[in-house]
$ cat input-v3.cif   # mmCIF, C-alpha atoms
data_start
#
loop_
_atom_site.label_atom_id
_atom_site.label_comp_id
_atom_site.auth_asym_id
_atom_site.auth_seq_id
_atom_site.Cartn_x
_atom_site.Cartn_y
_atom_site.Cartn_z
CA GLN A 1 82.02 102.17 132.79
CA SER A 2 84.52 103.05 130.10
CA THR A 3 88.05 104.14 130.88
CA ASP A 4 91.46 104.10 129.22
CA LYS A 5 93.29 103.42 132.47
CA ALA A 6 91.63 100.22 133.64
CA ARG A 7 93.55 97.02 134.24
CA LEU A 8 92.50 93.49 135.03
CA THR A 9 93.86 92.09 138.30
CA ILE A 10 93.25 88.50 139.36
CA VAL A 11 93.92 87.55 142.98
CA THR A 12 93.52 84.39 144.98
CA LYS A 13 92.69 83.98 148.65
CA ALA A 14 95.40 81.37 149.01
CA LYS A 15 98.49 82.53 150.86
CA LYS A 16 100.76 80.08 149.05
CA GLY A 17 100.90 78.32 145.72
CA LYS A 18 100.87 79.18 142.02
CA LEU A 19 98.02 80.45 139.88
CA LEU A 20 98.20 79.21 136.29
CA LEU A 21 96.11 81.07 133.70
CA ASP A 22 95.69 79.53 130.25
CA MET A 23 93.43 82.14 128.68
CA VAL A 24 91.93 85.47 129.73
CA SER A 25 89.59 87.24 127.31
CA LEU A 26 87.97 90.66 127.64
CA PHE A 27 85.46 91.22 124.83
CA PRO A 28 83.35 94.19 123.69
CA GLN A 29 79.64 93.97 124.37
CA LYS A 30 78.87 95.32 120.89
CA THR A 31 80.22 93.55 117.82
CA PHE A 32 79.52 93.87 114.09
CA LYS A 33 75.99 92.56 113.51
CA GLY A 34 75.98 91.28 117.10
CA ARG A 35 78.10 88.25 116.27
CA LYS A 36 79.42 86.18 119.15
CA ASN A 37 83.21 86.48 119.14
CA GLY A 38 82.59 89.03 116.41
CA LEU A 39 84.46 91.98 115.00
CA ARG A 40 84.93 95.55 116.15
CA PRO A 41 81.95 97.37 114.61
CA ASP A 42 83.66 100.48 113.24
CA LEU A 43 86.47 98.55 111.54
CA ALA A 44 84.11 95.96 110.07
CA GLN A 45 81.69 98.64 108.88
CA ALA A 46 84.50 100.53 107.13
CA LEU A 47 85.19 97.41 105.08
CA ALA A 48 81.47 96.74 104.51
CA ASP A 49 81.06 100.30 103.17
CA TRP A 50 83.53 99.36 100.49
CA HIS A 51 81.07 96.72 99.15
CA PRO A 52 83.91 94.30 98.35
CA LYS A 53 83.17 91.35 96.10
CA PHE A 54 85.61 89.09 97.96
CA LEU A 55 87.87 88.96 101.01
CA ARG A 56 91.32 87.36 100.92
CA PHE A 57 92.22 85.95 104.32
CA PRO A 58 94.01 85.50 106.67
CA GLY A 59 96.69 87.32 104.65
CA GLY A 60 99.83 86.48 102.77
CA CYS A 61 103.10 85.93 104.60
CA THR A 62 101.26 85.19 107.83
CA VAL A 63 100.12 81.96 106.14
CA HIS A 64 103.73 80.81 105.75
CA GLY A 65 104.55 81.50 109.37
CA TYR A 66 108.04 81.94 110.75
CA GLY A 67 109.05 78.47 109.63
CA LEU A 68 106.72 75.52 109.12
CA ALA A 69 106.07 75.09 112.85
CA GLN A 70 104.39 78.51 112.88
CA ALA A 71 102.52 78.14 109.59
CA TYR A 72 98.86 79.18 109.75
CA ARG A 73 97.00 75.86 109.89
CA TRP A 74 93.31 76.66 109.64
CA LYS A 75 92.26 73.80 111.94
CA ASP A 76 93.99 75.59 114.81
CA SER A 77 91.64 78.55 114.32
CA VAL A 78 88.21 76.88 114.64
CA GLY A 79 86.22 75.39 117.49
CA ASP A 80 86.28 76.59 121.09
CA VAL A 81 88.19 79.89 121.22
CA ALA A 82 89.85 78.88 124.48
CA LYS A 83 91.30 75.77 122.85
CA ARG A 84 92.68 77.37 119.69
CA ARG A 85 96.43 77.20 119.31
CA ALA A 86 98.05 80.64 119.59
CA ASN A 87 100.81 81.37 117.13
CA HIS A 88 103.95 83.44 116.64
CA THR A 89 103.74 85.06 113.21
CA THR A 90 106.38 85.80 110.64
CA TRP A 91 105.83 89.49 111.48
CA GLY A 92 107.01 88.89 115.03
CA TYR A 93 103.78 89.34 117.00
CA HIS A 94 101.47 87.06 118.93
CA GLU A 95 98.33 85.79 117.19
CA THR A 96 95.59 84.36 119.39
CA LEU A 97 93.54 83.00 116.44
CA GLY A 98 90.45 84.24 118.25
CA LEU A 99 89.69 85.65 114.83
CA GLY A 100 89.74 82.38 112.90
CA TYR A 101 88.44 80.80 109.75
CA TYR A 102 84.87 80.50 111.02
CA GLU A 103 84.78 84.22 111.85
CA TYR A 104 86.30 85.09 108.47
CA PHE A 105 83.69 83.02 106.61
CA GLN A 106 80.94 84.57 108.72
CA PHE A 107 82.18 88.08 108.04
CA CYS A 108 82.26 87.40 104.30
CA GLU A 109 78.65 86.28 104.48
CA ASP A 110 77.68 89.36 106.49
CA ILE A 111 79.06 91.78 103.90
CA GLY A 112 78.20 89.80 100.76
CA ALA A 113 81.81 89.03 99.85
CA ALA A 114 83.07 85.77 98.39
CA PRO A 115 85.51 84.05 100.78
CA LEU A 116 89.03 83.62 99.40
CA PRO A 117 91.10 81.63 101.90
CA VAL A 118 94.87 81.34 101.44
CA LEU A 119 96.47 78.03 102.40
CA PRO A 120 100.15 77.10 102.77
CA VAL A 121 101.68 74.51 100.48
CA GLY A 122 104.33 73.07 102.80
CA VAL A 123 106.79 75.88 102.04
CA SER A 124 107.90 78.48 104.59
CA CYS A 125 108.43 82.20 103.95
CA GLY A 126 111.60 82.59 101.93
CA PHE A 127 112.26 86.04 103.37
CA ASN A 128 113.12 84.41 106.70
CA PHE A 129 114.64 81.03 105.96
CA TYR A 130 113.74 78.14 103.70
CA GLU A 131 111.89 75.17 105.13
CA TYR A 132 110.04 72.54 103.15
CA ALA A 133 107.72 69.84 104.39
CA ASP A 134 109.16 66.40 103.69
CA MET A 135 107.54 64.74 100.72
CA ASP A 136 106.29 61.87 102.90
CA GLU A 137 104.57 64.46 105.16
CA LEU A 138 102.99 66.45 102.37
CA ASP A 139 99.74 64.49 102.45
CA ASP A 140 98.85 66.19 105.77
CA TRP A 141 99.19 69.63 104.17
CA ILE A 142 97.15 68.57 101.15
CA GLN A 143 94.48 67.07 103.40
CA ASP A 144 94.17 70.42 105.16
CA VAL A 145 93.04 71.93 101.85
CA LEU A 146 90.45 69.20 101.22
CA ASP A 147 89.17 69.34 104.80
CA LEU A 148 88.72 73.12 104.58
CA ILE A 149 86.34 72.62 101.66
CA GLU A 150 84.41 70.13 103.80
CA PHE A 151 84.33 72.66 106.66
CA ALA A 152 82.99 75.38 104.35
CA ASN A 153 80.68 73.38 102.09
CA GLY A 154 80.22 69.90 103.58
CA SER A 155 77.00 68.54 105.03
CA VAL A 156 76.42 68.44 108.77
CA ASP A 157 76.96 64.67 108.63
CA THR A 158 80.66 65.12 107.76
CA LYS A 159 83.42 65.62 110.33
CA TRP A 160 84.27 69.20 109.45
CA GLY A 161 80.84 70.21 108.21
CA GLY A 162 79.53 68.95 111.53
CA LEU A 163 81.99 71.21 113.37
CA ARG A 164 80.75 74.17 111.35
CA ALA A 165 77.19 73.29 112.35
CA ARG A 166 78.11 72.99 116.03
CA MET A 167 79.73 76.41 115.85
CA GLY A 168 76.38 77.80 114.74
CA HIS A 169 76.24 77.60 110.94
CA PRO A 170 74.62 74.41 109.61
CA GLU A 171 74.23 75.89 106.13
CA PRO A 172 77.26 75.73 103.81
CA PHE A 173 79.28 78.90 103.31
CA GLY A 174 79.42 78.40 99.53
CA LEU A 175 83.19 78.41 99.06
CA LYS A 176 84.14 78.69 95.37
CA TYR A 177 87.83 79.69 95.44
CA ILE A 178 90.99 78.37 97.09
CA CYS A 179 94.25 80.32 96.98
CA LEU A 180 97.30 78.05 97.19
CA GLY A 181 100.50 79.62 98.46
CA ASN A 182 101.73 83.19 98.66
CA GLU A 183 104.85 84.79 97.16
CA GLU A 184 106.72 81.50 96.99
CA HIS A 185 110.28 81.78 95.78
CA ASP A 186 110.97 79.96 92.53
CA THR A 187 112.83 76.92 93.83
CA PRO A 188 113.01 73.26 92.75
CA GLN A 189 111.38 72.23 96.05
CA MET A 190 108.42 74.53 95.47
CA ARG A 191 108.02 73.29 91.89
CA GLU A 192 108.05 69.73 93.19
CA ARG A 193 105.37 70.27 95.84
CA PHE A 194 102.90 72.71 94.30
CA PRO A 195 101.66 70.45 91.47
CA LEU A 196 100.66 67.79 94.01
CA PHE A 197 98.25 70.22 95.68
CA VAL A 198 96.71 71.20 92.34
CA ALA A 199 96.29 67.59 91.23
CA ALA A 200 94.65 66.49 94.50
CA LEU A 201 92.30 69.48 94.56
CA LYS A 202 91.26 69.08 90.94
CA LYS A 203 90.56 65.37 91.49
CA ALA A 204 88.56 65.76 94.72
CA HIS A 205 86.83 69.07 93.98
CA PRO A 206 86.82 70.05 90.30
CA GLU A 207 84.16 72.65 91.12
CA ILE A 208 86.62 74.72 93.19
CA LYS A 209 88.54 77.41 91.30
CA ILE A 210 92.25 77.26 92.13
CA ILE A 211 94.22 80.47 92.44
CA GLY A 212 97.95 79.83 92.21
CA THR A 213 100.92 82.06 92.84
CA SER A 214 103.01 83.94 90.29
CA GLY A 215 106.00 84.16 92.60
CA LEU A 216 107.92 87.20 93.72
CA GLY A 217 107.51 90.62 92.13
CA ALA A 218 106.11 92.09 88.96
CA ASN A 219 108.11 89.73 86.72
CA THR A 220 105.89 86.81 87.87
CA PRO A 221 108.47 84.01 87.48
CA LEU A 222 106.03 81.25 88.42
CA TYR A 223 103.27 82.26 86.01
CA PRO A 224 104.48 79.78 83.32
CA LEU A 225 104.18 76.97 85.88
CA MET A 226 100.66 78.08 86.74
CA LYS A 227 99.78 78.02 83.05
CA GLU A 228 101.23 74.54 82.74
CA LEU A 229 99.16 73.34 85.72
CA GLY A 230 95.98 74.90 84.36
CA VAL A 231 94.94 76.82 87.46
CA HIS A 232 91.99 79.20 87.20
CA SER A 233 93.96 82.30 88.17
CA SER A 234 97.44 83.32 89.30
CA ASP A 235 98.18 85.70 92.16
CA GLU A 236 100.75 88.48 91.67
CA HIS A 237 102.00 91.09 94.15
CA TYR A 238 103.87 94.37 93.91
CA TYR A 239 104.69 97.18 96.31
CA ASN A 240 106.32 100.03 94.40
CA ASN A 241 106.48 103.80 94.24
CA PRO A 242 103.61 105.82 92.70
CA GLU A 243 105.50 106.42 89.47
CA TRP A 244 105.66 102.67 88.87
CA PHE A 245 101.88 102.37 89.05
CA ILE A 246 101.39 105.30 86.67
CA LYS A 247 103.91 103.85 84.24
CA ASN A 248 102.31 100.38 84.44
CA GLN A 249 98.68 101.35 83.94
CA ASN A 250 98.86 99.49 80.59
CA ARG A 251 100.45 96.41 82.17
CA PHE A 252 97.68 93.98 81.20
CA ASP A 253 96.86 95.33 77.73
CA THR A 254 99.11 92.80 75.99
CA VAL A 255 99.34 89.83 78.38
CA ASP A 256 98.60 86.27 77.26
CA ARG A 257 94.83 85.74 77.04
CA ASN A 258 95.26 81.96 76.76
CA GLY A 259 96.75 81.44 80.21
CA PRO A 260 95.24 81.63 83.69
CA LYS A 261 93.46 84.78 84.70
CA ARG A 262 95.39 87.34 86.75
CA PHE A 263 94.70 88.14 90.40
CA VAL A 264 96.43 91.24 91.74
CA GLY A 265 96.31 89.89 95.27
CA GLU A 266 98.49 92.49 96.99
CA TYR A 267 99.54 95.94 95.80
CA ALA A 268 100.19 99.41 97.18
CA SER A 269 102.20 102.44 96.13
CA ASN A 270 104.07 102.57 99.46
CA GLY A 271 102.45 105.67 100.87
CA ASN A 272 99.19 107.25 102.02
CA THR A 273 99.33 110.69 100.41
CA LEU A 274 96.71 111.80 97.94
CA PHE A 275 99.27 111.35 95.15
CA ASN A 276 99.79 107.72 96.18
CA ALA A 277 96.05 107.16 95.91
CA ILE A 278 95.89 108.93 92.52
CA ALA A 279 98.66 106.71 91.16
CA GLU A 280 96.77 103.62 92.32
CA ALA A 281 93.63 104.97 90.64
CA ALA A 282 95.50 105.30 87.35
CA PHE A 283 96.60 101.68 87.69
CA LEU A 284 93.03 100.60 88.44
CA THR A 285 91.75 102.10 85.19
CA GLY A 286 94.04 99.62 83.44
CA ILE A 287 92.66 96.78 85.55
CA GLU A 288 89.10 97.76 84.58
CA ARG A 289 90.09 97.93 80.93
CA ASN A 290 91.39 94.38 81.18
CA GLY A 291 88.57 92.93 83.23
CA ASP A 292 88.46 89.93 80.89
CA ILE A 293 91.80 88.71 82.24
CA VAL A 294 92.20 90.51 85.59
CA GLU A 295 89.39 88.95 87.57
CA MET A 296 90.18 90.36 91.02
CA ALA A 297 92.39 92.94 92.73
CA ALA A 298 93.05 93.57 96.43
CA TYR A 299 94.90 96.43 98.08
CA ALA A 300 97.04 95.29 101.01
CA PRO A 301 97.45 95.52 103.92
CA LEU A 302 93.98 96.53 105.07
CA LEU A 303 94.35 97.42 108.76
CA ALA A 304 97.08 98.79 111.02
CA ASN A 305 97.00 99.59 114.72
CA VAL A 306 98.93 102.86 115.07
CA ASP A 307 100.48 101.64 118.32
CA HIS A 308 101.77 98.42 116.74
CA ILE A 309 102.76 99.10 113.13
CA ASP A 310 105.06 96.48 111.66
CA TRP A 311 104.53 97.34 107.98
CA PRO A 312 105.33 101.08 107.79
CA LYS A 313 105.10 101.63 104.04
CA ALA A 314 101.33 101.96 103.69
CA ASN A 315 98.07 100.58 105.04
CA MET A 316 94.46 101.10 104.07
CA ILE A 317 92.93 101.97 107.46
CA TYR A 318 94.73 103.09 110.60
CA PHE A 319 93.12 102.76 114.02
CA ASP A 320 93.67 103.03 117.74
CA ARG A 321 91.52 102.06 120.72
CA HIS A 322 89.07 104.89 120.05
CA GLY A 323 88.58 105.20 116.35
CA LEU A 324 89.93 104.89 112.84
CA VAL A 325 91.02 106.98 109.90
CA LYS A 326 90.35 106.22 106.25
CA THR A 327 93.27 107.03 103.98
CA PRO A 328 93.00 108.62 100.51
CA ASN A 329 93.87 105.14 99.23
CA TYR A 330 90.74 103.82 100.96
CA TYR A 331 88.55 106.39 99.21
CA VAL A 332 89.99 105.53 95.79
CA GLN A 333 89.29 101.85 96.39
CA GLN A 334 85.76 102.68 97.51
CA MET A 335 85.11 104.93 94.50
CA PHE A 336 86.12 102.14 92.13
CA SER A 337 84.45 99.33 94.07
CA CYS A 338 81.10 101.11 94.34
CA ASN A 339 81.09 102.25 90.70
CA LYS A 340 81.68 99.10 88.68
CA GLY A 341 80.00 98.72 85.34
CA ASP A 342 78.87 95.60 83.51
CA VAL A 343 80.48 96.38 80.16
CA TYR A 344 83.72 98.19 79.39
CA LEU A 345 83.30 100.83 76.68
CA ASN A 346 85.82 101.80 74.05
CA ASN A 347 87.41 105.10 74.96
CA ARG A 348 90.47 107.12 74.09
CA VAL A 349 92.16 110.37 75.00
CA VAL A 350 92.83 112.70 72.09
CA SER A 351 95.05 115.76 72.56
CA GLU A 352 95.21 118.67 70.15
CA ASN A 353 98.62 119.55 71.59
CA THR A 354 100.98 117.13 69.87
CA ASN A 355 103.88 118.26 72.04
CA ALA A 356 102.34 117.22 75.34
CA THR A 357 100.10 114.31 76.25
CA PRO A 358 97.71 115.01 79.14
CA ASN A 359 98.50 113.13 82.35
CA LEU A 360 95.15 111.39 82.24
CA ALA A 361 93.94 107.86 82.85
CA VAL A 362 90.38 107.15 81.76
CA SER A 363 87.90 104.32 82.15
CA ALA A 364 84.33 104.16 80.86
CA THR A 365 81.81 101.44 81.67
CA ARG A 366 78.08 100.91 81.38
CA ASP A 367 75.89 99.92 84.33
CA ASN A 368 73.03 98.05 82.70
CA SER A 369 70.65 97.95 85.65
CA ALA A 370 71.09 101.63 86.52
CA LYS A 371 71.15 102.62 82.84
CA GLU A 372 74.18 104.80 83.43
CA ILE A 373 77.56 105.38 81.87
CA ILE A 374 80.29 105.55 84.51
CA LEU A 375 83.29 107.71 83.65
CA LYS A 376 86.41 107.48 85.79
CA LEU A 377 88.84 110.34 85.18
CA VAL A 378 92.26 110.38 86.84
CA ASN A 379 94.50 113.43 86.45
CA TYR A 380 97.92 112.61 87.90
CA GLY A 381 99.48 115.82 86.58
CA ASP A 382 100.00 119.22 88.21
CA ARG A 383 97.76 121.14 85.77
CA ASP A 384 94.02 121.24 85.19
CA VAL A 385 92.92 119.70 81.91
CA ALA A 386 90.21 121.30 79.80
CA ALA A 387 88.36 118.31 78.42
CA ASP A 388 85.78 117.94 75.68
CA ILE A 389 83.87 114.73 76.40
CA HIS A 390 82.08 112.91 73.58
CA LEU A 391 79.65 110.07 74.22
CA GLU A 392 79.41 108.23 70.92
CA GLY A 393 76.41 105.98 70.31
CA VAL A 394 74.30 107.62 73.02
CA THR A 395 71.28 109.55 71.79
CA GLU A 396 69.68 110.83 75.00
CA VAL A 397 71.22 111.45 78.41
CA VAL A 398 69.91 112.76 81.72
CA ARG A 399 71.19 116.33 81.89
CA LYS A 400 71.86 116.44 85.61
CA THR A 401 74.86 114.26 86.36
CA GLU A 402 76.43 113.31 89.70
CA VAL A 403 80.16 113.78 90.14
CA THR A 404 82.25 112.35 93.00
CA LEU A 405 85.60 114.15 93.25
CA LEU A 406 88.71 113.39 95.29
CA ALA A 407 91.25 116.21 94.90
CA GLY A 408 93.63 118.46 96.80
CA ASP A 409 97.25 118.85 97.79
CA PRO A 410 99.11 115.80 96.41
CA LYS A 411 101.09 115.55 99.67
CA ALA A 412 98.00 115.65 101.88
CA VAL A 413 97.31 112.77 104.27
CA ASN A 414 94.53 111.88 106.69
CA THR A 415 95.38 111.21 110.32
CA LEU A 416 93.47 110.18 113.42
CA GLN A 417 93.71 113.78 114.58
CA GLN A 418 92.66 115.19 111.17
CA PRO A 419 90.74 112.42 109.40
CA ASP A 420 88.96 114.57 106.79
CA VAL A 421 91.80 116.40 105.06
CA VAL A 422 91.20 114.36 101.89
CA VAL A 423 87.64 113.08 101.41
CA PRO A 424 85.42 112.69 98.32
CA LYS A 425 82.93 115.45 97.58
CA THR A 426 79.78 115.07 95.50
CA THR A 427 78.51 117.73 93.10
CA VAL A 428 76.18 117.94 90.11
CA LEU A 429 77.00 119.06 86.56
CA LYS A 430 75.13 119.43 83.30
CA ALA A 431 76.07 116.77 80.81
CA GLY A 432 75.09 115.79 77.31
CA GLU A 433 76.17 113.67 74.39
CA GLN A 434 79.03 116.15 74.21
CA PHE A 435 80.08 118.51 76.99
CA GLU A 436 83.07 120.48 78.20
CA TYR A 437 84.58 119.70 81.57
CA ARG A 438 87.66 120.86 83.46
CA ILE A 439 89.50 118.03 85.19
CA PRO A 440 91.36 119.37 88.24
CA ALA A 441 95.04 118.66 88.78
CA TYR A 442 95.79 115.76 91.11
CA SER A 443 92.29 114.37 91.13
CA VAL A 444 90.21 111.22 90.86
CA GLN A 445 86.57 111.48 89.92
CA ILE A 446 83.56 109.42 89.05
CA ILE A 447 80.92 110.84 86.70
CA ARG A 448 77.69 108.83 86.41
CA ILE A 449 75.67 109.85 83.34
CA GLY A 450 72.10 108.56 83.12
CA MET A 451 70.86 107.33 79.73
CA GLU A 452 67.28 107.91 78.71
#
$ encode --input "input-v3.cif" --output "structure tokens"
Amino acid sequence: QSTDKARLTIVTKAKKGKLLLDMVSLFPQKTFKGRKNGLRPDLAQALADWHPKFLRFPGGCTVHGYGLAQAYRWKDSVGDVAKRRANHTTWGYHETLGLGYYEYFQFCEDIGAAPLPVLPVGVSCGFNFYEYADMDELDDWIQDVLDLIEFANGSVDTKWGGLRARMGHPEPFGLKYICLGNEEHDTPQMRERFPLFVAALKKAHPEIKIIGTSGLGANTPLYPLMKELGVHSSDEHYYNNPEWFIKNQNRFDTVDRNGPKRFVGEYASNGNTLFNAIAEAAFLTGIERNGDIVEMAAYAPLLANVDHIDWPKANMIYFDRHGLVKTPNYYVQQMFSCNKGDVYLNNRVVSENTNATPNLAVSATRDNSAKEIILKLVNYGDRDVAADIHLEGVTEVVRKTEVTLLAGDPKAVNTLQQPDVVVPKTTVLKAGEQFEYRIPAYSVQIIRIGME
């Protein structure tokens, strides 16, 4: 039976002595897709409904650990669950590693997402205290990277590919990306160690795309080093207020196109109101516009247990033992993720009022297979905008057009008690090569226009 007040009690018939327990595990009968040692179905399905193209795991600062002794070493997280080494994270909580690299790879496969593992580079989290692996010990850390590729892609005849097969997956996982490091501080020790990882990985596995780290903050101090090393992409993080994201929606319009691609690996506007989500949507229109250089973007963090929140600024999904709540931020991410086009179209906002520019962010793409133009309209202002939309170069359109709208009180939030305060609504409008449309204040919307 199900109850919230149950407890597990273990007794022994012996009158004297000590009972030593190494591991006790209570596990749900139902898991996502019925996987052994699998994931909680509602949480996993919420991420699957997002249709993500990749999953970055196991996270950022958790990879560093609270000092090198607690760094996340992937080999501790595979094999028999009972024998995996538990860990004390940099966030101060206990990590069983029952959810390990095998389960992450499996989940990526189940939802059609490319796996993007993050590996430490012998440098601890600088927010706690600096520790660096000795140079004569660095080979062990580098070997971890090479062995992970063998675990993910190697044949069953190899040591780590054989372990993958014994765990139940003889076929390779098809790993294509490796993310080295996370938010490393710009120090001489880091600059000395990081190039050794890149050189070894390029030599052993030139087919793997290396994602480096741009360092701390929006100024990306380590990006020049990443360019010098010739990595495929460079990871940059920023947690700022909503106004920053609105102001920086043109951030990538003028960046160097001759350097590594950009990966916005962690970002959030430090809040879960509708306005926070709208600001992030404005920023995402700039990411779409610069899809040639910004290859990937990932909101973070994804999940937070309401009874054990360590990162209070913002999270994507909140949950307790019974259920979950999707934030307005979640719905913005879903609206963008599920409405990607193949080609970005030239577009501009023209205002007849020269004294005031509308608070609009716009993105237009074309979905070739669906034969649709996808308009994303973000109004981050407090007034409705009467818009006259022109589709140049389109001769015939399907008149009935689907609109997905997220709008409401900019201060509104969703909670476990009231999960549907802010949710997208779908309507239909009549469109054409040119049509008038009122864009509500504080709104994000997707308009899909079919082309005949």
$ residues_near_point --input "input-v3.cif" --point "(104.2, 79.6, 112.9)" --cutoff "6 Å" --atoms "all atoms listed in the file" --output "MDAnalysis selection string"
chainID A and resid 65:67 69:71 87:89
$ resolve_selection --input "input-v3.cif" --expression "the PyMOL selection byres ((chain A and resi 279-285) around 6)" --output "number ranges by chain"
A: 242, 245-246, 249, 276-278, 286-288, 361, 363
$ closest_residue --input "input-v3.cif" --among "A:Gln1, A:Thr415, A:Gln445, A:Asn329" --to "Val306 (chain A)" --atoms "all atoms listed in the file"
A:Thr415
$ resolve_selection --input "input-v3.cif" --expression "the PyMOL selection byres ((chain A and resi 408-413) around 7)" --output "tab-separated table (two decimals) with C-alpha atoms, in the coordinates of the input"
chain	number	residue	atom	x	y	z
A	272	ASN	CA	99.19	107.25	102.02
A	273	THR	CA	99.33	110.69	100.41
A	274	LEU	CA	96.71	111.80	97.94
A	275	PHE	CA	99.27	111.35	95.15
A	407	ALA	CA	91.25	116.21	94.90
A	414	ASN	CA	94.53	111.88	106.69
A	415	THR	CA	95.38	111.21	110.32
A	421	VAL	CA	91.80	116.40	105.06
A	422	VAL	CA	91.20	114.36	101.89
A	442	TYR	CA	95.79	115.76	91.11
$ resolve_selection --input "input-v3.cif" --expression "the PyMOL selection byres ((chain A and resi 381) around 6)" --output "VMD selection string"
chain A and resid 359 379 to 380 382 to 383 441 to 442
$ decode --input "input-v3.cif" --residues "region 181-198 of chain A" --atoms "N, CA and C atoms" --output "PDB file, in the first residue's frame"
ATOM      1  N   GLY A 181      35.663  20.452 -18.111  1.00  0.00           N
ATOM      2  CA  GLY A 181      35.671  21.523 -17.131  1.00  0.00           C
ATOM      3  C   GLY A 181      34.356  22.273 -17.029  1.00  0.00           C
ATOM      4  N   ASN A 182      34.298  23.140 -16.015  1.00  0.00           N
ATOM      5  CA  ASN A 182      33.085  23.908 -15.744  1.00  0.00           C
ATOM      6  C   ASN A 182      33.446  25.132 -14.899  1.00  0.00           C
ATOM      7  N   GLU A 183      33.248  26.301 -15.443  1.00  0.00           N
ATOM      8  CA  GLU A 183      33.439  27.552 -14.690  1.00  0.00           C
ATOM      9  C   GLU A 183      34.804  27.638 -14.002  1.00  0.00           C
ATOM     10  N   GLU A 184      35.834  27.117 -14.652  1.00  0.00           N
ATOM     11  CA  GLU A 184      37.161  27.227 -14.046  1.00  0.00           C
ATOM     12  C   GLU A 184      37.578  28.686 -13.918  1.00  0.00           C
ATOM     13  N   HIS A 185      38.193  29.015 -12.797  1.00  0.00           N
ATOM     14  CA  HIS A 185      38.779  30.342 -12.656  1.00  0.00           C
ATOM     15  C   HIS A 185      40.005  30.443 -13.557  1.00  0.00           C
ATOM     16  N   ASP A 186      40.270  31.646 -14.025  1.00  0.00           N
ATOM     17  CA  ASP A 186      41.413  31.869 -14.915  1.00  0.00           C
ATOM     18  C   ASP A 186      42.676  31.954 -14.069  1.00  0.00           C
ATOM     19  N   THR A 187      43.352  30.826 -13.934  1.00  0.00           N
ATOM     20  CA  THR A 187      44.574  30.762 -13.126  1.00  0.00           C
ATOM     21  C   THR A 187      45.699  30.136 -13.949  1.00  0.00           C
ATOM     22  N   PRO A 188      46.939  30.388 -13.573  1.00  0.00           N
ATOM     23  CA  PRO A 188      48.067  29.750 -14.290  1.00  0.00           C
ATOM     24  C   PRO A 188      47.995  28.235 -14.230  1.00  0.00           C
ATOM     25  N   GLN A 189      47.548  27.681 -13.098  1.00  0.00           N
ATOM     26  CA  GLN A 189      47.473  26.228 -12.953  1.00  0.00           C
ATOM     27  C   GLN A 189      46.445  25.631 -13.919  1.00  0.00           C
ATOM     28  N   MET A 190      45.298  26.329 -14.058  1.00  0.00           N
ATOM     29  CA  MET A 190      44.294  25.836 -14.990  1.00  0.00           C
ATOM     30  C   MET A 190      44.819  25.903 -16.423  1.00  0.00           C
ATOM     31  N   ARG A 191      45.468  26.998 -16.767  1.00  0.00           N
ATOM     32  CA  ARG A 191      46.010  27.156 -18.124  1.00  0.00           C
ATOM     33  C   ARG A 191      47.113  26.136 -18.415  1.00  0.00           C
ATOM     34  N   GLU A 192      47.765  25.657 -17.388  1.00  0.00           N
ATOM     35  CA  GLU A 192      48.809  24.656 -17.564  1.00  0.00           C
ATOM     36  C   GLU A 192      48.219  23.272 -17.797  1.00  0.00           C
ATOM     37  N   ARG A 193      47.106  22.976 -17.148  1.00  0.00           N
ATOM     38  CA  ARG A 193      46.536  21.629 -17.193  1.00  0.00           C
ATOM     39  C   ARG A 193      45.571  21.422 -18.356  1.00  0.00           C
ATOM     40  N   PHE A 194      44.738  22.395 -18.636  1.00  0.00           N
ATOM     41  CA  PHE A 194      43.677  22.198 -19.626  1.00  0.00           C
ATOM     42  C   PHE A 194      44.202  21.796 -21.006  1.00  0.00           C
ATOM     43  N   PRO A 195      45.259  22.422 -21.519  1.00  0.00           N
ATOM     44  CA  PRO A 195      45.738  22.039 -22.855  1.00  0.00           C
ATOM     45  C   PRO A 195      46.160  20.573 -22.959  1.00  0.00           C
ATOM     46  N   LEU A 196      46.590  19.975 -21.863  1.00  0.00           N
ATOM     47  CA  LEU A 196      47.005  18.571 -21.900  1.00  0.00           C
ATOM     48  C   LEU A 196      45.814  17.656 -22.159  1.00  0.00           C
ATOM     49  N   PHE A 197      44.657  17.995 -21.603  1.00  0.00           N
ATOM     50  CA  PHE A 197      43.438  17.227 -21.864  1.00  0.00           C
ATOM     51  C   PHE A 197      43.034  17.344 -23.338  1.00  0.00           C
ATOM     52  N   VAL A 198      43.074  18.551 -23.861  1.00  0.00           N
ATOM     53  CA  VAL A 198      42.676  18.766 -25.256  1.00  0.00           C
ATOM     54  C   VAL A 198      43.604  18.010 -26.203  1.00  0.00           C
TER      55      VAL A 198
END
